[in-house]
Amino acid sequence: MYKAKIYVTLKEGVLDPQGQAVRAGLISQGFAAVEEVRIGKFMEVVVATHSATEAQHLVREMCERLLANPVIEDYTFVLVEVV
Amino acid sequence: MTEHYLELQDIDQARSMGLRPPEWERLLAVLGRRPNLTELGMFAVMWSEHCSYKHSKTALRQFPTGGPQVLQGPGENAGVVDIGDGQAVVFKIESHNHPSAIEPYQGAATGVGGIVRDVFTMGARPIALLNSLRFGDLSSPKQRYLFAGVVAGIAGYGNCLGIPTVGGEVYFNDSYTNNCLVNAMCVGLIDHHLLTRGRAQGTGSRLILIGARTGRDGIHGATFASEALGEHSVARRPAVQVGDPFMEKLLLEACLELIEAKVILGMQDLGAAGLTSASSEMAARAGSGVELDVALVPRREKNMNPYEIMLSESQERMLLAVEPEQVPLVLATCAKWGLTGTDIGQVTASGMVKVLFNGIVVAEVPARPLASEGPVYHPLATEPPWQALVTALNLAAIPVPEDLTAVLGRLLASPNIASKEWVYRQYDHSVRGDTVTLPGSDAAVLRIKGTKKGLALSVDCNSRYTYLDPYRGGAIAVAEAARNVACSGAKPLAITNCLNFGSPERPEIYYQLTRAIAGMAAACEALGTPVTGGNVSLYNETAGQAVFPTPTVGMVGVLADVERRVTTAFKQEGDIVCLLGSTFEELGGSEYLKVVHNLERGLPPALDLAAERRLQSLLVALAEGALLASAHDCAEGGLAVAVAESAIQGGLGARIDLSPLASMRKDALLFGESQSRVVVSLAPTHFSAVEILAGAMGVPFVCLGRVEGDVVCLGRGQEAIIRADVASLAELWRGAIACHMSP
Amino acid sequence: MRFGVVVFPGSNCDADCHHAVGTVFAQEAEYVWHEEKDLSRFDCIILPGGFSYGDYLRAGALARFSPVMGAVVEEAGRGKLVLGICNGWQILLEAGLLPGAMLKNNHLQFRCETRHVRLENSNTPFTCTGHEGQVLSLPIAHAEGNYYIDQVGLKDLEAQRQIVFRYVDSRGRVSKEANPNGSLGGIAGIINKAGNVLGMMPHPERATEEILGGTDGRLIFSSILQWWGGQ
């Protein structure tokens with residue numbers, strides 16, 4: 001089996017109100033060095049297959065079809081083999 | 001080897017779970033033997049204050065609970081009152097104070113979830129939510145965090161369910177700094193013949209558990225709610241449950257569909273003490289017994305033992321009793337809504353709660369002693385020595401400010417008086433398309449589709465009054481909630497209440513509790529609004545500092561014709577402004593004394609219940625005769641603030657001459673909070689009719705001026721006292737809370 | 001006229017829409033469970049507001065995979081009217097029936113209040129009884145109404161006159177203050193190129209009766225009826 005660790009983030013250029021609010025919060029807490037904050041989603045999906053290639057293919061398909069919205073979001077993922 | 005959960009327990013273990021030595025003895029007597037761990041856990045939660053009301057039961061007996069309108073009084077999941085045409089209103093208020101103090105968003109959200117389940121458990125469609133919230137001073141970041149989190153949690157849950165949050169109150173006072181209060185009220189509508197009760201009826205009936213899977217969340221949450229918050233409370237975060245409003249929406253629709261199909265014999269939500277309370281209360285109410293195999297309960301965590309399954313407080317779960325032949329229909333309905341339904345046991349005639357785990361008996365205890373025959377205490381009530389000191393007030397030593405226009409501005413900008421728009425614009429208050437008086441008036445009004453009727457709803461409590469004089473404060477809480485409802489033109493019907501106090505084991509707190517209840521009971525009696533249920537939240541204290549005694553009252557009233565409802569806002573230039581009720585020189589406990597002189601002392605204003613009743617009857621009669629353009633209760637900030645709020649909401653000024661009122665200090669005249677007073681405006685053509693009716697009904701009535709222009713002027717004869725334009729007052733009133741929240 | 005009001009798990013304005021078309025406008029109205037696959041009996045399909053599937057993952061993301069959405073796409077292709085309100089619009093965006101996407105409100109809070117919107121295109125089946133520049137007062141109630149589309153898409157929307165409503169002030173001017181959620185260009189509703197699928201954030205069904213404080217929402221339903229009568 002493979003576990004996919006999937007990161008969905010807002011595309012560059014798309015306004016991230018949550019990120020801006022957190023940035024302002026960090027700065028007000030004294031973290032003056034904070035330049036930018038972007039907030040995304042982290043998901044873990046376990047796929048029942050023994051083939052890394054198949055897992056790769058399946059997870060990409062999931063991201064394209066449901067997990068990310070291509071209009072506003074990008075995604076990346078890493079696969080880890082689990083037993 | 002015996003499993004841990006089957007090991008027989010001793011008094012030390014009982015004590016560590018919160019039971020006291022006499023309670024342990026009582027438990028031994030009930031069982032005739034020592035309990036195992038699972039059984040002990042069940043008794044520990046069911047005999048906690050939160051579930052058993054052991055310290056408040058005696059005091060609560062003072063409440064009047066009967067009346068021709070009452071279809072269900074205290075003792076069920078929610079109260080029920082008749083509103084005619086075969087319809088009834090189901091309503092209840094409940095606290096979620098401790099969880100909200102630890103995790104404001106989830107604490108408040110699950111509070112909403114719990115109260116909504118209490119209402120649809122009775123078979124009613126939830127149609128409105130209200131809430132009463134109290135925090136410390138908003139200048140503190142921690143208090144702003146709690147306030148923002150609680151409001152977001154209520155919004156997140158209620159909005160998703162599609163139940164409008166139509167009203168409420170928010171107060172800020174230092175006494176709530178370490179113990180915020182979050183009380184949520186839900187109101188539902190039902191046809192009489194669909195009323196369902198939490199009873200395990202009919203030997204052989206099946207018990208079906210539906211909704212969310214069970215996890216380890218909130219184990220001993222009820223016990224947690226019955227302890228004072230200490231330094232370790234923050235570390236207890238895992239005890240706080242996480243809500244899933246989507247699951248609740250599915251559960252709501254599935255249950256109401258089954259109610260319509262008339263296949264449910266009894267139903268109970270799994271709230272505090274989870275499956276333990278649901279199963280034992282259903283059995284105790286019906287005088288039956290239950291037998292369940294908890295190995296069948298769907299779980300979302302591995303290796304859960306029967307102790308954990310019986311005590312879990314995972315949210316969004318219901319237990320149904322149905323006839324065996326109806327089980328397939330119930331399961332099919334669950335499947336339609338994407339819910340898991342599981343047959344976990346049956347109703348017996350044994351009077352016992354028998355719990356099995358894979359067929360092996362793991363607990364067997366009598367239902368009644370567990371659910372309804374817990375210990376009852378008669379705590380000592382002693383008036384605290386400071387009580388007489390705080391009521392002493394030497395007005396002569398308090399100067400009357402020069403610039404009373406500025407004082408009005410400061411009061412309007414006080415978060416306790418300022419507009420709560422920052423709060424209610426986060427709540428969906430118009431979904432379901434029945435909210436005809438939106439938040440911001442004295443009471444919210446909902447129409448009832450298919451009838452001419454309307455429902456008026458309010459929640460109220462001035463806890464500063466209750467702190468200064470528990471009896472009077474309790475009575476005023478009821479009177480004011482009823483007055484708010486009457487201002488909308490509705491006849492007050494009945495109340496629910498949430499009693500938020502400190503530790504009842506301290507004589508001064510128990511004194512506050514019994515006196516407040518006595519005052520409330522007197523007002524309920526006089527105004528004809530019985531108590532149909534509610535909730536007691538004790539131990540709201542930290543390091544010996546208790547919250548102000550806060551008996552929140554939720555009131556329901558009915559309008560015969562919803563088209564005749566009245567709101568706060570002035571409507572028309574040229575309308576006459578009048579005051580109903582008498583004004584006395586009363587400044588004790590006022591918001592003015594707190595804001596301007598930083599004093600929280602004095603006797604709260606007097607309350608004449610007979611006069612109050614006459615006033616409310618008059619308001620209803622005036623509304624029915626369509627004689628009023630507006631009506632607004634004089635509450636915090638007194639007459640001047642009431643006039644200003646009606647002006648701001650109507651976008652119209654007013655010229656007011658106070659000389660017809662008794663002569664007194666100007667600050668008392670403007671900002672004193674004498675009870676049983678309402679500022680009304682009316683068309684000149686209705687003046688004599690109103691005057692005659694007020695006279696006939698024995699309500700003092702004086703004409704104070706007119707609605708005109710865009711300036712609020714209050715004076716006495718030729719003397720101008722306050723002069724401010726409506727727009728600038730509006731800015732202060734509307735902007736104050738938003739200003740605090742986005743510094 | 002026959003209206004179908006789709007009910008997804010978590011829809012909560014379904015009853016309000018049903019009441020508006022069925023009772024206030026006295027048309028045939030029927031609830032349609034999200035598992036239905038044939039919507040050919042309807043003249044207009046309404047995707048109501050609410051929190052379909054709890055709005056988990058993204059608003060509308062899971063609802064678009066409900067079986068009924070295949071039928072919605074099919075009927076839209078045949079020229080039937082489809083009206084997505086609030087969560088309904090979010091679903092139409094996720095399903096690709098309308099371009100763009102929805103972000104969280106720029107202030108991150110849910111917002112429920114009455115707002116002004118300006119009618120930008122009265123040449124649609126949903127707005128034909130109004131006139132361009134007309135300012136309507138409509139309730140909004142959402143946490144994710146911050147409409148986003150890239151510059152190319154925006155130009156295309158403008159060129160094709162697909163923007164139907166914009167948030168404005170009481171005098172009809174677009175401004176930052178008049179925009180309740182940060183939506184691009186104050187966009188409050190758009191239509192597809194074929195002109196039969198409308199998505200809008202405000203709730204016209206909550207403004208069809210005097211007793212609810214406003215009747216500007218009637219324009220949408222009257223237009224639908226008039227347009228259909230002329231067919």
# chains A, B, ... in the order shown; residues from 1 in each chain; ligands from 1
>>> closest_atom_pairs(of="chain C", to="chain A", cutoff="7 Å", atoms="only C-alpha atoms", output="JSON lines")
{"residue": "C:Ala61", "atom": "CA", "partner": "A:Leu66", "partner_atom": "CA", "distance": 6.8}
{"residue": "C:Gly100", "atom": "CA", "partner": "A:Val71", "partner_atom": "CA", "distance": 6.4}
{"residue": "C:Ala101", "atom": "CA", "partner": "A:Val71", "partner_atom": "CA", "distance": 6.3}
{"residue": "C:Asn106", "atom": "CA", "partner": "A:Pro17", "partner_atom": "CA", "distance": 5.2}
{"residue": "C:His107", "atom": "CA", "partner": "A:Pro17", "partner_atom": "CA", "distance": 6.9}
{"residue": "C:Leu108", "atom": "CA", "partner": "A:Pro17", "partner_atom": "CA", "distance": 6.9}
>>> residues_around(residues="Pro549 of chain B", least_positions_apart="6", cutoff="10 Å", atoms="only C-alpha atoms", output="number ranges by chain")
B: 175, 461-470, 473-474, 499-502, 509, 512-513, 516, 538, 540
>>> write_last_selection(atoms="N, CA, C and O atoms", output="mmCIF file, in the first residue's frame")
data_model
loop_
_atom_site.group_PDB
_atom_site.id
_atom_site.type_symbol
_atom_site.label_atom_id
_atom_site.label_comp_id
_atom_site.auth_asym_id
_atom_site.auth_seq_id
_atom_site.Cartn_x
_atom_site.Cartn_y
_atom_site.Cartn_z
ATOM 1 N N SER B 175 -16.594 39.950 35.676
ATOM 2 C CA SER B 175 -16.844 38.708 36.417
ATOM 3 C C SER B 175 -16.788 37.489 35.498
ATOM 4 O O SER B 175 -16.693 36.361 35.960
ATOM 5 N N CYS B 461 -31.220 38.623 30.548
ATOM 6 C CA CYS B 461 -30.843 38.620 31.966
ATOM 7 C C CYS B 461 -29.891 39.777 32.196
ATOM 8 O O CYS B 461 -28.914 39.939 31.479
ATOM 9 N N ASN B 462 -30.198 40.607 33.171
ATOM 10 C CA ASN B 462 -29.248 41.626 33.604
ATOM 11 C C ASN B 462 -28.592 41.085 34.869
ATOM 12 O O ASN B 462 -29.173 41.115 35.947
ATOM 13 N N SER B 463 -27.389 40.548 34.708
ATOM 14 C CA SER B 463 -26.779 39.835 35.837
ATOM 15 C C SER B 463 -26.210 40.794 36.881
ATOM 16 O O SER B 463 -25.949 40.390 38.010
ATOM 17 N N ARG B 464 -26.013 42.049 36.498
ATOM 18 C CA ARG B 464 -25.552 43.002 37.512
ATOM 19 C C ARG B 464 -26.649 43.170 38.566
ATOM 20 O O ARG B 464 -26.382 43.246 39.757
ATOM 21 N N TYR B 465 -27.879 43.222 38.108
ATOM 22 C CA TYR B 465 -29.016 43.303 39.045
ATOM 23 C C TYR B 465 -29.027 42.075 39.967
ATOM 24 O O TYR B 465 -29.262 42.185 41.166
ATOM 25 N N THR B 466 -28.809 40.908 39.369
ATOM 26 C CA THR B 466 -28.874 39.670 40.158
ATOM 27 C C THR B 466 -27.744 39.608 41.178
ATOM 28 O O THR B 466 -27.913 39.083 42.276
ATOM 29 N N TYR B 467 -26.606 40.180 40.790
ATOM 30 C CA TYR B 467 -25.468 40.245 41.717
ATOM 31 C C TYR B 467 -25.827 41.156 42.897
ATOM 32 O O TYR B 467 -25.570 40.836 44.049
ATOM 33 N N LEU B 468 -26.467 42.282 42.595
ATOM 34 C CA LEU B 468 -26.771 43.251 43.654
ATOM 35 C C LEU B 468 -27.953 42.792 44.506
ATOM 36 O O LEU B 468 -28.003 43.059 45.699
ATOM 37 N N ASP B 469 -28.912 42.131 43.872
ATOM 38 C CA ASP B 469 -30.071 41.619 44.610
ATOM 39 C C ASP B 469 -30.630 40.421 43.855
ATOM 40 O O ASP B 469 -31.364 40.578 42.878
ATOM 41 N N PRO B 470 -30.226 39.216 44.265
ATOM 42 C CA PRO B 470 -30.587 38.024 43.488
ATOM 43 C C PRO B 470 -32.099 37.885 43.264
ATOM 44 O O PRO B 470 -32.526 37.534 42.167
ATOM 45 N N GLY B 473 -33.228 40.700 40.864
ATOM 46 C CA GLY B 473 -32.604 40.456 39.567
ATOM 47 C C GLY B 473 -33.271 39.293 38.835
ATOM 48 O O GLY B 473 -33.512 39.350 37.630
ATOM 49 N N GLY B 474 -33.575 38.239 39.586
ATOM 50 C CA GLY B 474 -34.245 37.083 38.977
ATOM 51 C C GLY B 474 -35.618 37.466 38.450
ATOM 52 O O GLY B 474 -36.009 37.094 37.333
ATOM 53 N N LEU B 499 -29.571 28.543 34.363
ATOM 54 C CA LEU B 499 -29.081 29.140 35.603
ATOM 55 C C LEU B 499 -27.565 28.980 35.696
ATOM 56 O O LEU B 499 -27.067 27.884 35.952
ATOM 57 N N ASN B 500 -26.846 30.066 35.458
ATOM 58 C CA ASN B 500 -25.383 30.034 35.470
ATOM 59 C C ASN B 500 -24.883 30.651 36.777
ATOM 60 O O ASN B 500 -25.016 31.864 36.984
ATOM 61 N N PHE B 501 -24.335 29.823 37.637
ATOM 62 C CA PHE B 501 -23.885 30.288 38.946
ATOM 63 C C PHE B 501 -22.522 29.692 39.276
ATOM 64 O O PHE B 501 -21.996 28.869 38.533
ATOM 65 N N GLY B 502 -21.982 30.115 40.400
ATOM 66 C CA GLY B 502 -20.724 29.548 40.901
ATOM 67 C C GLY B 502 -20.980 28.224 41.614
ATOM 68 O O GLY B 502 -21.978 27.539 41.347
ATOM 69 N N ILE B 509 -23.211 31.363 47.324
ATOM 70 C CA ILE B 509 -23.653 31.080 45.959
ATOM 71 C C ILE B 509 -25.033 30.408 46.007
ATOM 72 O O ILE B 509 -25.927 30.732 45.217
ATOM 73 N N GLN B 512 -27.547 32.964 46.456
ATOM 74 C CA GLN B 512 -27.871 33.639 45.190
ATOM 75 C C GLN B 512 -28.819 32.782 44.360
ATOM 76 O O GLN B 512 -29.794 33.277 43.781
ATOM 77 N N LEU B 513 -28.508 31.484 44.305
ATOM 78 C CA LEU B 513 -29.304 30.578 43.466
ATOM 79 C C LEU B 513 -30.753 30.495 43.952
ATOM 80 O O LEU B 513 -31.694 30.677 43.167
ATOM 81 N N ALA B 516 -32.535 33.942 43.556
ATOM 82 C CA ALA B 516 -32.821 34.269 42.151
ATOM 83 C C ALA B 516 -33.995 33.424 41.658
ATOM 84 O O ALA B 516 -34.907 33.933 40.987
ATOM 85 N N LEU B 538 -23.564 25.042 37.089
ATOM 86 C CA LEU B 538 -22.947 25.519 38.327
ATOM 87 C C LEU B 538 -21.421 25.421 38.211
ATOM 88 O O LEU B 538 -20.901 24.998 37.195
ATOM 89 N N ASN B 540 -19.386 27.813 37.842
ATOM 90 C CA ASN B 540 -18.776 28.794 36.944
ATOM 91 C C ASN B 540 -17.925 29.740 37.786
ATOM 92 O O ASN B 540 -18.304 30.888 38.034
#
>>> interface_residues(of="chain A", to="chain B", cutoff="12 Å", atoms="only C-alpha atoms", output="PyMOL selection string")
chain A and resi 21+24-25+28-29
>>> write_last_selection(atoms="all heavy atoms", output="CSV table (one decimal), in the first residue's frame")
chain,number,residue,atom,x,y,z
A,21,ALA,N,-4.6,37.2,6.9
A,21,ALA,CA,-4.9,37.4,8.3
A,21,ALA,C,-3.9,36.8,9.2
A,21,ALA,O,-3.5,37.4,10.2
A,21,ALA,CB,-6.3,36.8,8.5
A,24,ALA,N,-0.8,39.0,9.3
A,24,ALA,CA,-1.0,40.2,10.2
A,24,ALA,C,-0.9,39.8,11.6
A,24,ALA,O,-0.3,40.5,12.5
A,24,ALA,CB,-2.3,40.8,9.9
A,25,GLY,N,-1.5,38.6,11.9
A,25,GLY,CA,-1.4,38.1,13.3
A,25,GLY,C,0.0,37.8,13.8
A,25,GLY,O,0.4,38.2,14.9
A,28,SER,N,1.8,41.0,14.4
A,28,SER,CA,1.4,41.7,15.6
A,28,SER,C,1.9,40.9,16.8
A,28,SER,O,2.0,41.5,17.9
A,28,SER,CB,-0.1,41.8,15.7
A,28,SER,OG,-0.7,40.6,16.0
A,29,GLN,N,2.3,39.7,16.6
A,29,GLN,CA,2.9,38.9,17.7
A,29,GLN,C,4.4,39.2,17.8
A,29,GLN,O,5.1,38.6,18.6
A,29,GLN,CB,2.7,37.4,17.5
A,29,GLN,CG,1.3,36.9,17.6
A,29,GLN,CD,0.7,36.9,19.0
A,29,GLN,OE1,1.3,36.3,19.9
A,29,GLN,NE2,-0.3,37.7,19.2
>>> interface_residues(of="chain C", to="chain B", cutoff="10 Å", atoms="only C-alpha atoms", output="MDAnalysis selection string")
chainID C and resid 8:17 19:20 33 35 49:56 109:114 139:143 203 205:213
>>> closest_residue(among="C:Gln231, C:Gln90, C:Asp150, C:Leu97", to="Leu62 of chain C", atoms="only C-alpha atoms")
C:Gln90
>>> residues_around(residues="Cys487 of chain B", least_positions_apart="4", cutoff="8 Å", atoms="only C-alpha atoms", output="PyMOL selection string")
chain B and resi 442-443+483+566-567+616+619-620+631-633+678
>>> write_last_selection(atoms="N, CA, C and O atoms", output="PDB file, in the first residue's frame")
ATOM      1  N   ASP B 442     -36.537  44.433  20.154  1.00  0.00           N
ATOM      2  CA  ASP B 442     -36.575  43.856  21.499  1.00  0.00           C
ATOM      3  C   ASP B 442     -36.758  42.341  21.453  1.00  0.00           C
ATOM      4  O   ASP B 442     -36.232  41.613  22.279  1.00  0.00           O
ATOM      5  N   ALA B 443     -37.563  41.875  20.491  1.00  0.00           N
ATOM      6  CA  ALA B 443     -37.756  40.429  20.330  1.00  0.00           C
ATOM      7  C   ALA B 443     -37.721  40.117  18.843  1.00  0.00           C
ATOM      8  O   ALA B 443     -38.069  40.960  18.021  1.00  0.00           O
ATOM      9  N   ARG B 483     -41.423  41.464  28.716  1.00  0.00           N
ATOM     10  CA  ARG B 483     -41.675  42.812  28.189  1.00  0.00           C
ATOM     11  C   ARG B 483     -41.165  42.942  26.758  1.00  0.00           C
ATOM     12  O   ARG B 483     -41.814  43.537  25.899  1.00  0.00           O
ATOM     13  N   VAL B 566     -44.953  44.824  16.151  1.00  0.00           N
ATOM     14  CA  VAL B 566     -44.404  46.164  16.367  1.00  0.00           C
ATOM     15  C   VAL B 566     -42.889  46.033  16.507  1.00  0.00           C
ATOM     16  O   VAL B 566     -42.399  45.052  17.060  1.00  0.00           O
ATOM     17  N   THR B 567     -42.153  47.028  15.978  1.00  0.00           N
ATOM     18  CA  THR B 567     -40.695  46.992  16.112  1.00  0.00           C
ATOM     19  C   THR B 567     -40.197  48.235  16.851  1.00  0.00           C
ATOM     20  O   THR B 567     -40.973  49.136  17.175  1.00  0.00           O
ATOM     21  N   GLN B 616     -47.825  44.968  30.160  1.00  0.00           N
ATOM     22  CA  GLN B 616     -47.710  43.987  29.072  1.00  0.00           C
ATOM     23  C   GLN B 616     -49.053  43.717  28.413  1.00  0.00           C
ATOM     24  O   GLN B 616     -49.132  43.580  27.186  1.00  0.00           O
ATOM     25  N   LEU B 619     -49.648  46.600  26.099  1.00  0.00           N
ATOM     26  CA  LEU B 619     -48.848  46.524  24.868  1.00  0.00           C
ATOM     27  C   LEU B 619     -49.483  45.574  23.857  1.00  0.00           C
ATOM     28  O   LEU B 619     -49.557  45.863  22.664  1.00  0.00           O
ATOM     29  N   VAL B 620     -49.953  44.439  24.348  1.00  0.00           N
ATOM     30  CA  VAL B 620     -50.575  43.460  23.449  1.00  0.00           C
ATOM     31  C   VAL B 620     -51.862  44.039  22.865  1.00  0.00           C
ATOM     32  O   VAL B 620     -52.122  43.937  21.661  1.00  0.00           O
ATOM     33  N   ALA B 631     -42.362  50.441  19.525  1.00  0.00           N
ATOM     34  CA  ALA B 631     -42.323  50.240  20.968  1.00  0.00           C
ATOM     35  C   ALA B 631     -40.936  49.747  21.323  1.00  0.00           C
ATOM     36  O   ALA B 631     -40.380  48.876  20.641  1.00  0.00           O
ATOM     37  N   HIS B 632     -40.370  50.317  22.384  1.00  0.00           N
ATOM     38  CA  HIS B 632     -39.026  49.905  22.788  1.00  0.00           C
ATOM     39  C   HIS B 632     -38.912  49.977  24.296  1.00  0.00           C
ATOM     40  O   HIS B 632     -39.174  51.009  24.908  1.00  0.00           O
ATOM     41  N   ASP B 633     -38.517  48.860  24.856  1.00  0.00           N
ATOM     42  CA  ASP B 633     -38.326  48.700  26.293  1.00  0.00           C
ATOM     43  C   ASP B 633     -37.198  49.620  26.789  1.00  0.00           C
ATOM     44  O   ASP B 633     -36.178  49.734  26.145  1.00  0.00           O
ATOM     45  N   VAL B 678     -41.861  51.613  28.704  1.00  0.00           N
ATOM     46  CA  VAL B 678     -41.699  51.388  27.272  1.00  0.00           C
ATOM     47  C   VAL B 678     -41.902  52.711  26.535  1.00  0.00           C
ATOM     48  O   VAL B 678     -42.855  53.439  26.808  1.00  0.00           O
TER      49      VAL B 678
END
>>> select_by_dssp(residues="segment 85-155 of chain C", states="strand (DSSP E)", output="list of chain:residue names")
C:Ile85, C:Ala101, C:Met102, C:Leu103, C:Arg111, C:Cys112, C:Glu113, C:Thr114, C:Arg115, C:His116, C:Val117, C:Arg118, C:Leu119, C:Val135, C:Leu136, C:Ser137, C:Leu138, C:Pro139, C:Ile140, C:Ala141, C:His142, C:Asn146, C:Tyr147, C:Tyr148
>>> residues_around(residues="Ala188 of chain C", least_positions_apart="5", cutoff="7 Å", atoms="only C-alpha atoms", output="NGL selection string")
:C and (165-167 or 200-201)
>>> residues_around(residues="Cys713 of chain B", least_positions_apart="2", cutoff="12 Å", atoms="only C-alpha atoms", output="ChimeraX atom specification")
/B:404-405,408,640,643-644,647,652-658,670,704-711,715-726,729
>>> atom_distance(atom1="atom CA of Gly123 of chain B", atom2="atom CA of His34 of chain C")
24.9 Å
